[in-house]
$ cat query.tsv   # TSV, C-alpha atoms
chain	number	residue	atom	x	y	z
A	1	ALA	CA	-13.01	11.31	2.66
A	2	TYR	CA	-14.09	13.52	5.57
A	3	GLU	CA	-12.45	11.16	8.09
A	4	ASP	CA	-9.20	11.06	6.11
A	5	LEU	CA	-9.07	14.81	5.57
A	6	HIS	CA	-9.72	15.63	9.22
A	7	GLY	CA	-7.84	12.70	10.77
A	8	THR	CA	-10.89	11.30	12.53
A	9	SER	CA	-10.81	7.73	11.22
A	10	PRO	CA	-11.41	5.27	14.06
A	11	GLU	CA	-8.33	3.45	15.34
A	12	ASN	CA	-8.25	-0.29	15.91
A	13	GLU	CA	-7.74	-1.26	19.52
A	14	GLU	CA	-4.36	-2.96	19.41
A	15	THR	CA	-4.58	-5.60	22.10
A	16	SER	CA	-1.89	-8.25	22.18
A	17	VAL	CA	-4.44	-10.92	21.16
A	18	PHE	CA	-5.63	-8.79	18.21
A	19	LEU	CA	-2.08	-8.06	17.04
A	20	GLU	CA	-0.92	-11.69	17.25
A	21	ALA	CA	-3.98	-12.85	15.30
A	22	LYS	CA	-3.36	-10.25	12.58
A	23	LEU	CA	0.33	-11.15	12.39
A	24	ASP	CA	-0.63	-14.82	11.94
A	25	ASP	CA	-3.11	-13.82	9.23
A	26	LEU	CA	-0.38	-11.78	7.53
A	27	ASP	CA	1.92	-14.83	7.48
A	28	ILE	CA	-0.82	-16.85	5.76
A	29	ALA	CA	-1.52	-14.06	3.25
A	30	LEU	CA	2.19	-13.80	2.42
A	31	GLN	CA	2.40	-17.55	1.84
A	32	LEU	CA	-0.46	-17.30	-0.67
A	33	ILE	CA	1.32	-14.75	-2.87
A	34	GLU	CA	3.08	-16.66	-5.62
A	35	ARG	CA	5.32	-13.97	-7.18
A	36	LYS	CA	7.40	-12.33	-4.52
A	37	ASP	CA	10.98	-12.49	-5.76
A	38	ALA	CA	12.37	-9.53	-3.81
A	39	TYR	CA	10.57	-10.65	-0.65
A	40	ASN	CA	12.03	-14.16	-0.99
A	41	LEU	CA	15.49	-12.76	-1.67
A	42	ALA	CA	15.26	-10.58	1.43
A	43	ASP	CA	14.11	-13.55	3.49
A	44	GLU	CA	17.11	-15.58	2.26
A	45	LEU	CA	19.51	-12.72	3.06
A	46	ASP	CA	18.16	-11.98	6.54
A	47	SER	CA	14.99	-13.67	7.72
A	48	GLU	CA	15.11	-11.79	11.04
A	49	TYR	CA	14.74	-8.51	9.16
A	50	VAL	CA	11.83	-9.81	7.07
A	51	GLN	CA	10.11	-11.45	10.04
A	52	ASN	CA	10.58	-8.43	12.33
A	53	ARG	CA	7.36	-7.87	14.25
A	54	ASP	CA	7.55	-4.07	14.11
A	55	LEU	CA	8.13	-4.10	10.35
A	56	ARG	CA	5.13	-6.36	9.81
A	57	LEU	CA	2.91	-4.29	12.09
A	58	MET	CA	3.82	-1.21	10.06
A	59	PHE	CA	2.31	-2.84	6.96
A	60	LEU	CA	-0.75	-4.05	8.83
A	61	ARG	CA	-1.40	-0.56	10.19
A	62	ALA	CA	-0.98	0.93	6.71
A	63	ASP	CA	-3.87	-1.22	5.50
A	64	SER	CA	-6.15	-1.00	8.54
A	65	PHE	CA	-5.09	-4.51	9.60
A	66	ASN	CA	-6.30	-6.15	6.39
A	67	PRO	CA	-3.71	-8.96	6.09
A	68	LYS	CA	-4.24	-9.59	2.36
A	69	HIS	CA	-3.66	-5.93	1.48
A	70	ALA	CA	-0.76	-5.65	3.93
A	71	ALA	CA	0.90	-8.70	2.37
A	72	LYS	CA	0.64	-7.19	-1.13
A	73	ARG	CA	2.02	-3.89	0.16
A	74	MET	CA	4.92	-5.62	1.91
A	75	VAL	CA	5.84	-7.65	-1.17
A	76	GLY	CA	5.65	-4.50	-3.32
A	77	TRP	CA	7.74	-2.57	-0.80
A	78	PHE	CA	10.57	-5.09	-1.09
A	79	GLU	CA	10.36	-4.81	-4.91
A	80	ILE	CA	10.60	-1.00	-4.71
A	81	LYS	CA	13.44	-1.21	-2.21
A	82	LEU	CA	15.38	-3.67	-4.38
A	83	ASP	CA	14.82	-1.59	-7.52
A	84	ASN	CA	15.92	1.64	-5.86
A	85	PHE	CA	18.71	0.51	-3.54
A	86	GLY	CA	19.88	-2.87	-4.79
A	87	LYS	CA	20.54	-6.18	-3.10
A	88	SER	CA	23.18	-4.82	-0.71
A	89	LEU	CA	20.63	-2.57	1.08
A	90	LEU	CA	17.55	-4.77	0.72
A	91	VAL	CA	17.64	-5.95	4.34
A	92	HIS	CA	19.07	-2.81	5.91
A	93	GLU	CA	17.44	0.37	7.14
A	94	ILE	CA	18.01	3.11	4.59
A	95	THR	CA	19.83	6.11	6.04
A	96	ILE	CA	20.52	9.53	4.60
A	97	ASP	CA	24.07	8.31	3.94
A	98	ASP	CA	22.61	5.79	1.46
A	99	LEU	CA	21.20	8.60	-0.67
A	100	CYS	CA	23.06	10.19	-3.54
A	101	GLU	CA	24.20	13.80	-3.45
A	102	GLU	CA	21.19	14.95	-5.51
A	103	SER	CA	18.75	13.37	-3.01
A	104	ARG	CA	20.50	14.90	-0.02
A	105	LYS	CA	20.50	18.28	-1.76
A	106	MET	CA	16.69	18.16	-2.06
A	107	VAL	CA	16.47	17.81	1.73
A	108	LEU	CA	19.07	20.46	2.48
A	109	ASP	CA	17.62	23.07	0.10
A	110	GLY	CA	14.08	22.57	1.41
A	111	THR	CA	12.63	21.01	-1.75
A	112	VAL	CA	11.25	18.27	0.49
A	113	GLN	CA	10.96	18.47	4.24
A	114	ILE	CA	9.26	16.96	7.24
A	115	LEU	CA	7.75	19.87	9.10
A	116	PRO	CA	8.65	20.27	12.80
A	117	VAL	CA	4.95	20.50	13.79
A	118	ARG	CA	1.98	18.17	13.42
A	119	ASP	CA	-1.48	18.93	12.09
A	120	SER	CA	-4.49	19.39	14.39
A	121	SER	CA	-5.07	15.60	14.42
A	122	GLY	CA	-1.47	14.84	15.46
A	123	ARG	CA	-0.29	13.68	12.02
A	124	ALA	CA	3.22	14.38	10.75
A	125	ILE	CA	3.46	16.67	7.73
A	126	LEU	CA	5.62	15.95	4.67
A	127	CYS	CA	5.96	19.02	2.47
A	128	SER	CA	7.29	19.15	-1.09
A	129	MET	CA	6.59	22.56	-2.53
A	130	LYS	CA	9.24	22.97	-5.23
A	131	PHE	CA	8.54	19.79	-7.16
A	132	THR	CA	7.86	19.60	-10.86
A	133	HIS	CA	6.76	16.44	-12.62
A	134	HIS	CA	10.16	15.76	-14.21
A	135	MET	CA	11.70	15.46	-10.73
A	136	TYR	CA	9.60	12.34	-10.11
A	137	LEU	CA	11.31	10.64	-13.02
A	138	THR	CA	14.68	10.65	-11.29
A	139	ASN	CA	16.05	7.82	-9.22
A	140	ALA	CA	17.26	10.41	-6.73
A	141	CYS	CA	13.71	11.55	-6.07
A	142	ARG	CA	12.30	8.03	-5.75
A	143	ARG	CA	15.05	7.10	-3.30
A	144	LEU	CA	14.48	10.28	-1.31
A	145	PHE	CA	10.74	9.67	-0.98
A	146	PHE	CA	11.37	6.09	0.06
A	147	TYR	CA	13.81	7.25	2.72
A	148	LEU	CA	11.52	10.01	4.02
A	149	CYS	CA	8.45	7.79	4.17
A	150	MET	CA	10.37	5.10	6.02
A	151	ALA	CA	11.83	7.68	8.41
A	152	LEU	CA	8.29	8.88	9.13
A	153	MET	CA	6.97	5.35	9.58
A	154	GLU	CA	9.54	4.51	12.25
A	155	ASP	CA	7.28	6.49	14.59
A	156	GLU	CA	4.38	4.32	15.74
A	157	THR	CA	2.20	7.42	16.11
A	158	ASN	CA	2.64	8.09	12.39
A	159	GLN	CA	1.75	4.48	11.63
A	160	ARG	CA	-1.48	4.82	13.60
A	161	LEU	CA	-2.53	8.32	12.57
A	162	GLY	CA	-0.97	8.54	9.10
A	163	ILE	CA	0.85	11.48	7.59
A	164	VAL	CA	-0.26	14.54	5.69
A	165	ALA	CA	1.55	15.28	2.44
A	166	ILE	CA	1.51	18.80	1.09
A	167	ARG	CA	2.69	19.12	-2.46
A	168	GLY	CA	3.05	22.12	-4.72
A	169	LEU	CA	0.60	22.24	-7.59
A	170	HIS	CA	3.13	22.03	-10.42
A	171	ASP	CA	2.01	19.77	-13.27
A	172	LEU	CA	-1.02	18.16	-11.63
A	173	ASN	CA	-1.49	15.81	-14.56
A	174	HIS	CA	1.83	14.06	-13.98
A	175	ASP	CA	1.79	12.51	-10.53
A	176	LEU	CA	4.44	9.83	-10.85
A	177	SER	CA	5.23	9.53	-7.17
A	178	PRO	CA	6.65	6.15	-6.19
A	179	PHE	CA	3.99	5.49	-3.55
A	180	GLU	CA	0.29	4.85	-3.73
A	181	TRP	CA	-1.58	7.83	-2.31
A	182	ILE	CA	-4.82	6.55	-0.82
A	183	ASN	CA	-6.49	9.96	-0.59
A	184	LEU	CA	-5.05	13.13	-2.01
A	185	PHE	CA	-6.78	16.40	-1.37
A	186	TRP	CA	-5.53	19.28	-3.50
A	187	CYS	CA	-5.78	22.70	-1.93
A	188	SER	CA	-5.19	25.84	-3.90
A	189	SER	CA	-6.10	29.49	-3.66
$ encode --input "query.tsv" --output "structure tokens"
Amino acid sequence: AYEDLHGTSPENEETSVFLEAKLDDLDIALQLIERKDAYNLADELDSEYVQNRDLRLMFLRADSFNPKHAAKRMVGWFEIKLDNFGKSLLVHEITIDDLCEESRKMVLDGTVQILPVRDSSGRAILCSMKFTHHMYLTNACRRLFFYLCMALMEDETNQRLGIVAIRGLHDLNHDLSPFEWINLFWCSS
């Protein structure tokens, strides 16, 4: 927990040999997953998108280069993307134009924002201070968080260092966010 809180977790040295070996391992791990309907659909629609090296590295980095975990995350990501955006956007980068008016309003009114500074460890900061638990139940919110997380993950530095999420302490017992939070540290006064 100390390493996660302070951003001092050791980074893997990403040599080309290391990366290629992990990408090969990811391919094997993906083949071993039996139920992956959205992943298979995406691969049929646009295999270049699904096989994109940068996309796959993003999932490997998210799971400290554990190919089995990265494969599960990638398959789940395609399920979430299909559920939230449909088949027509499954193999496309989600843009702010793909969000509904309610989602865009949450960005414009400051409900959710990516701060223009990084923390002391160089991590990007996602801040959502006005949220209440009922907001997580909306499709607009789930789509917005998907979009923001993907926008953050386009930056390789964010993939390597991670991001810090600051969330208001409204309704702590109802965290229904659409993403798995590995370590959440609640700070209050």
$ atom_distance --input "query.tsv" --atom1 "atom CA of A:Gly122" --atom2 "atom CA of A:Phe146"
21.9 Å
$ atom_distance --input "query.tsv" --atom1 "atom CA of A:Arg35" --atom2 "atom CA of A:Arg56"
18.6 Å
$ closest_residue --input "query.tsv" --among "A:Arg123, A:Leu30, A:Asn84, A:Glu102" --to "A:Val50" --atoms "all atoms listed in the file"
A:Leu30
$ atom_distance --input "query.tsv" --atom1 "atom CA of A:Arg73" --atom2 "atom CA of A:Glu101"
28.6 Å
$ residues_around --input "query.tsv" --residues "stretch 151-157 of chain A" --least-positions-apart "2" --cutoff "10 Å" --atoms "all atoms listed in the file" --output "PyMOL selection string"
chain A and resi 54-55+57-59+61-62+93-96+114+122-126+145-149+159-163
$ axis_aligned_box --input "query.tsv" --around "stretch 78-90 of chain A" --padding-each-side "4 Å" --output "JSON"
{"center_x": 16.8, "center_y": -2.3, "center_z": -3.2, "size_x": 20.8, "size_y": 15.8, "size_z": 16.6}
$ closest_residue --input "query.tsv" --among "A:Ala165, A:Gly76, A:Ala29, A:Leu45" --to "A:Ser88" --atoms "all atoms listed in the file"
A:Leu45
$ closest_residue --input "query.tsv" --among "A:Leu19, A:Val117, A:Leu82, A:Leu32" --to "A:Arg53" --atoms "only C-alpha atoms"
A:Leu19
$ residues_around --input "query.tsv" --residues "A:Ala140" --least-positions-apart "4" --cutoff "8 Å" --atoms "only C-alpha atoms" --output "MDAnalysis selection string"
chainID A and resid 99:100 102:103 144
$ residues_around --input "query.tsv" --residues "A:Asp27" --least-positions-apart "5" --cutoff "9 Å" --atoms "all atoms listed in the file" --output "count of residues only"
4
$ closest_residue --input "query.tsv" --among "A:Leu90, A:Glu79, A:Val17, A:Asp24" --to "A:Ala42" --atoms "only C-alpha atoms"
A:Leu90
$ decode --input "query.tsv" --residues "stretch 22-56 of chain A" --atoms "N, CA and C atoms" --output "compact mmCIF listing (two decimals), in the first residue's frame"
# COMPACT_ATOMS: atom_id res chain seq x y z
N LYS A 22 6.27 -10.67 -23.56
CA LYS A 22 5.01 -10.46 -22.84
C LYS A 22 3.82 -10.38 -23.80
N LEU A 23 4.03 -9.77 -24.96
CA LEU A 23 2.96 -9.72 -25.96
C LEU A 23 2.63 -11.13 -26.46
N ASP A 24 3.64 -11.95 -26.66
CA ASP A 24 3.40 -13.35 -27.06
C ASP A 24 2.64 -14.10 -25.97
N ASP A 25 3.04 -13.87 -24.71
CA ASP A 25 2.36 -14.51 -23.58
C ASP A 25 0.90 -14.06 -23.49
N LEU A 26 0.67 -12.77 -23.79
CA LEU A 26 -0.70 -12.26 -23.77
C LEU A 26 -1.54 -12.95 -24.84
N ASP A 27 -0.98 -13.14 -26.03
CA ASP A 27 -1.71 -13.85 -27.10
C ASP A 27 -2.13 -15.24 -26.64
N ILE A 28 -1.22 -15.95 -25.97
CA ILE A 28 -1.52 -17.30 -25.48
C ILE A 28 -2.62 -17.24 -24.42
N ALA A 29 -2.50 -16.27 -23.50
CA ALA A 29 -3.50 -16.14 -22.42
C ALA A 29 -4.87 -15.81 -22.99
N LEU A 30 -4.92 -14.99 -24.02
CA LEU A 30 -6.20 -14.65 -24.66
C LEU A 30 -6.81 -15.88 -25.34
N GLN A 31 -5.99 -16.69 -25.96
CA GLN A 31 -6.49 -17.90 -26.61
C GLN A 31 -7.10 -18.87 -25.60
N LEU A 32 -6.61 -18.86 -24.37
CA LEU A 32 -7.09 -19.78 -23.35
C LEU A 32 -8.41 -19.37 -22.71
N ILE A 33 -8.82 -18.14 -22.92
CA ILE A 33 -10.10 -17.68 -22.37
C ILE A 33 -11.22 -18.15 -23.30
N GLU A 34 -12.14 -18.92 -22.75
CA GLU A 34 -13.20 -19.50 -23.57
C GLU A 34 -14.30 -18.50 -23.89
N ARG A 35 -14.82 -17.80 -22.89
CA ARG A 35 -15.93 -16.86 -23.10
C ARG A 35 -15.38 -15.45 -23.29
N LYS A 36 -15.42 -15.01 -24.51
CA LYS A 36 -14.94 -13.66 -24.84
C LYS A 36 -15.70 -13.15 -26.05
N ASP A 37 -17.02 -13.09 -25.92
CA ASP A 37 -17.88 -12.73 -27.03
C ASP A 37 -17.59 -11.35 -27.61
N ALA A 38 -17.49 -10.35 -26.76
CA ALA A 38 -17.24 -8.98 -27.25
C ALA A 38 -15.85 -8.88 -27.88
N TYR A 39 -14.87 -9.54 -27.27
CA TYR A 39 -13.52 -9.57 -27.83
C TYR A 39 -13.53 -10.19 -29.23
N ASN A 40 -14.21 -11.33 -29.36
CA ASN A 40 -14.29 -12.00 -30.66
C ASN A 40 -15.02 -11.15 -31.69
N LEU A 41 -16.10 -10.49 -31.27
CA LEU A 41 -16.83 -9.61 -32.16
C LEU A 41 -15.93 -8.47 -32.64
N ALA A 42 -15.20 -7.87 -31.72
CA ALA A 42 -14.28 -6.80 -32.08
C ALA A 42 -13.22 -7.29 -33.06
N ASP A 43 -12.70 -8.48 -32.82
CA ASP A 43 -11.68 -9.05 -33.70
C ASP A 43 -12.24 -9.29 -35.10
N GLU A 44 -13.50 -9.71 -35.19
CA GLU A 44 -14.15 -9.90 -36.50
C GLU A 44 -14.36 -8.56 -37.21
N LEU A 45 -14.74 -7.54 -36.43
CA LEU A 45 -15.00 -6.23 -37.03
C LEU A 45 -13.73 -5.54 -37.51
N ASP A 46 -12.66 -5.63 -36.72
CA ASP A 46 -11.41 -4.95 -37.07
C ASP A 46 -10.25 -5.56 -36.29
N SER A 47 -9.66 -6.58 -36.86
CA SER A 47 -8.59 -7.29 -36.15
C SER A 47 -7.36 -6.39 -35.92
N GLU A 48 -7.14 -5.40 -36.79
CA GLU A 48 -6.01 -4.49 -36.58
C GLU A 48 -6.18 -3.71 -35.28
N TYR A 49 -7.40 -3.30 -34.99
CA TYR A 49 -7.67 -2.57 -33.76
C TYR A 49 -7.40 -3.46 -32.54
N VAL A 50 -7.92 -4.69 -32.59
CA VAL A 50 -7.77 -5.62 -31.47
C VAL A 50 -6.32 -6.05 -31.29
N GLN A 51 -5.60 -6.21 -32.38
CA GLN A 51 -4.21 -6.67 -32.32
C GLN A 51 -3.20 -5.53 -32.16
N ASN A 52 -3.69 -4.30 -32.06
CA ASN A 52 -2.80 -3.15 -31.97
C ASN A 52 -1.83 -3.30 -30.79
N ARG A 53 -0.56 -3.17 -31.09
CA ARG A 53 0.50 -3.36 -30.09
C ARG A 53 0.35 -2.41 -28.91
N ASP A 54 0.08 -1.14 -29.19
CA ASP A 54 -0.04 -0.15 -28.11
C ASP A 54 -1.24 -0.45 -27.20
N LEU A 55 -2.34 -0.89 -27.79
CA LEU A 55 -3.51 -1.25 -27.01
C LEU A 55 -3.18 -2.42 -26.08
N ARG A 56 -2.52 -3.42 -26.61
CA ARG A 56 -2.18 -4.60 -25.82
C ARG A 56 -1.18 -4.27 -24.71
